[in-house]
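In what follows, a structure is listed as C-alpha cells, so that the remarks can point back to it.
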Amino acid sequence: MQRRIMLCGAFVAAASAVMPLQAQDKWPSKPITYIVPFGAGGTTDILARLVTTKAATSLGTSFVIENKPGAGGGMGTDFTAKAAPDGYTIQGGTISSHAINVSLYSKLPYDPIKNFQPITMIGSMPNVLVVRADSPFKTVQDVVAAIQGKPGTISYASSGNGTSQHLSGVFFEQTSGGKMVHVPYKSSAESLNGLLSGQGPELIFENLAPALPQIRAGKLRALAVTSEKRAAQLPEIPAIAETMPGFSVVSWQAIFAPAGVPKPIVDKLSTELIKVVNDPEVKSKLVEQGIEPGGMTPAELAAFQKLEVDKWARVIKAANIKLD
C-alpha cells in the first residue's frame with residue numbers, strides 16, 4: 001500500500017512538472033494584454049499599437065491595449081508588476097516608469113528592476129533644446145552664459161515634474177553650473193504653447209517628435225539635441241555634448257513583462273518583438289516620429305536600464321527633488 005502511494009505521488013509530481021512546460025509550448029493560446037501606463041494618443045500608446053499590429057501576425061494571437069494612466073506612469077506600471085507572470089501581460093515602459101520614478105517617489109509601490117522582466121527596446125529619442133524663432137539665444141553657449149551670468153532669471157518649460165524634459169533641464173544646470181527656473185505644465189502640448197505664446201518660459205528641452213513640426217515650420221529654433229550624437233532628423237543641429245562633454249539624455253520606450261515569466265516565453269516574445277522593431281516598415285515609421293529604432297535583447301535592455309536608474313538617481317539626489 002505504501003509503495004502504491006509513493007508511486008502515485010511520484011506520478012503526480014512528474015505530471016505537475018510537465019504541465020507548465022506544455023502550457024509554455026502552447027503559448028500564446030489567448031490574447032495578450034499590453035498595458036500603456038499613460039493616456040491614449042501619446043508616444044507610448046502610439047508605439048504600442050504600431051508594434052502589436054505586426055506582432056499579432058507573427059505570434060498568431062491578438063493584443064488588447066489597456067491605457068492605465070496616472071502617477072507619472074506609476075499606476076499602470078504597478079498593475080503590470082502585480083500581474084500573473086504567464087506571458088499574457090506586457091507593458092510599454094519608459095524612462096519615467098522604469099528609471100526615473102524610483103528616485104522621485106519614496107513610496108513607489110514597485111521596483112522597476114526586481115519586479116520586471118525586460119523584453120526589448122522599441123526605440124529612443126533625444127530631447128531638443130528649443131527657443132522661439134525671435135529669441136536672442138542662437139547657441140547653447142548663449143544659454144549657458146545667460147544662466148551663469150544671471151542665475152534664476154531664465155525659465156524653462158516642461159510637460160511636468162519628473163519628466164525627461166524637466167530632468168534634462170536639471171542635468172543642464174548641473175553640467176553647466178548655471179541656474180534656471182522650472183515651469184511645469186500638464187502636457188507637452190501645453191508647454192509648447194506656453195513657449196510659443198511669448199508670455200511664458202524662454203526655452204524647453206522638448207521630445208524631438210512633437211517639436212519637429214514647429215521647428216520645420218520656423219516657429220521654433222533648435223539649438224541642440226540632448227543625445228550624445230546628432231539626430232538623423234536634424235543633422236545640422238549640434239548635440240549639447242559638443243559644447244558640454246558628458247551631457248546625454250535620451251527618452252526611451254521599451255517593453256517589459258512581470259518578473260518570473262518562464263524563459264521559453266521570454267525568449268519567444270523577445271525574438272518576435274525584436275523582429276517587429278527591425279521590420280523595414282516599422283523602422284520607417286519610428287524614424288518618421290524622430291525615434292531611433294531599438295531592438296535590444298532582454299540582457300542588453302536590463303544592463304541599459306540599470307545604468308539609467310543609477311544615472312538619474314545621482315541627478316535627482318544632487319538636485320534634492322522629491323515628488324511625495
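Every chain in the C-alpha cells takes a letter, A first, then B, and so on in the order presented; its residues are numbered from 1, and the ligands are numbered from 1 following the presented order.
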Q: Apply DSSP to the backbone of this structure and, from stretch 138-282 of chain A, keep only the residues in helix (DSSP H, G or I); write these as a PyMOL selection string.
A: chain A and resi 140-149+164-176+188-197+208-216+240-242+263-277+280-282
**Q.** Residue neighbourhood stretch 292-306 of chain A, 9 Å, only C-alpha atoms, exclusion window fewer than 4 positions, as a PyMOL selection string
**A.** chain A and resi 95+98-99+112-113+117-126+231-232+253-254+266-267+270-271+273-278+282-284+286-287+310-311
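Comparing the minimum interatomic distances between A:Ser135 and each of A:Pro184, A:Pro201, A:Pro37, A:Pro69, counting only C-alpha atoms, we find that A:Pro201 sits nearest.
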Q.
Excluding A:Pro238 and its own-chain neighbours fewer than 5 positions away, which residues fall within 9 Å of it when counting only C-alpha atoms? Please give them as a PyMOL selection string.
A. chain A and resi 223-225+229-231+243
Q. Counting only C-alpha atoms, what is within 10 Å of A:Val143, bar same-chain residues fewer than 4 positions away, as a ChimeraX atom specification?
A. /A:136-139,147-149,154,176,178,202-203,223
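Of note, atom CA of A:Glu228 and atom CA of A:Asn127 are spaced 11.0 Å apart.
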Q: Run DSSP on the backbone and grab whatever in stretch 39-276 of chain A lands in strand (DSSP E); send it over as a PyMOL selection string.
A: chain A and resi 63-67+89-94+116-132+155-158+181-184+203-207+220-225+250-258
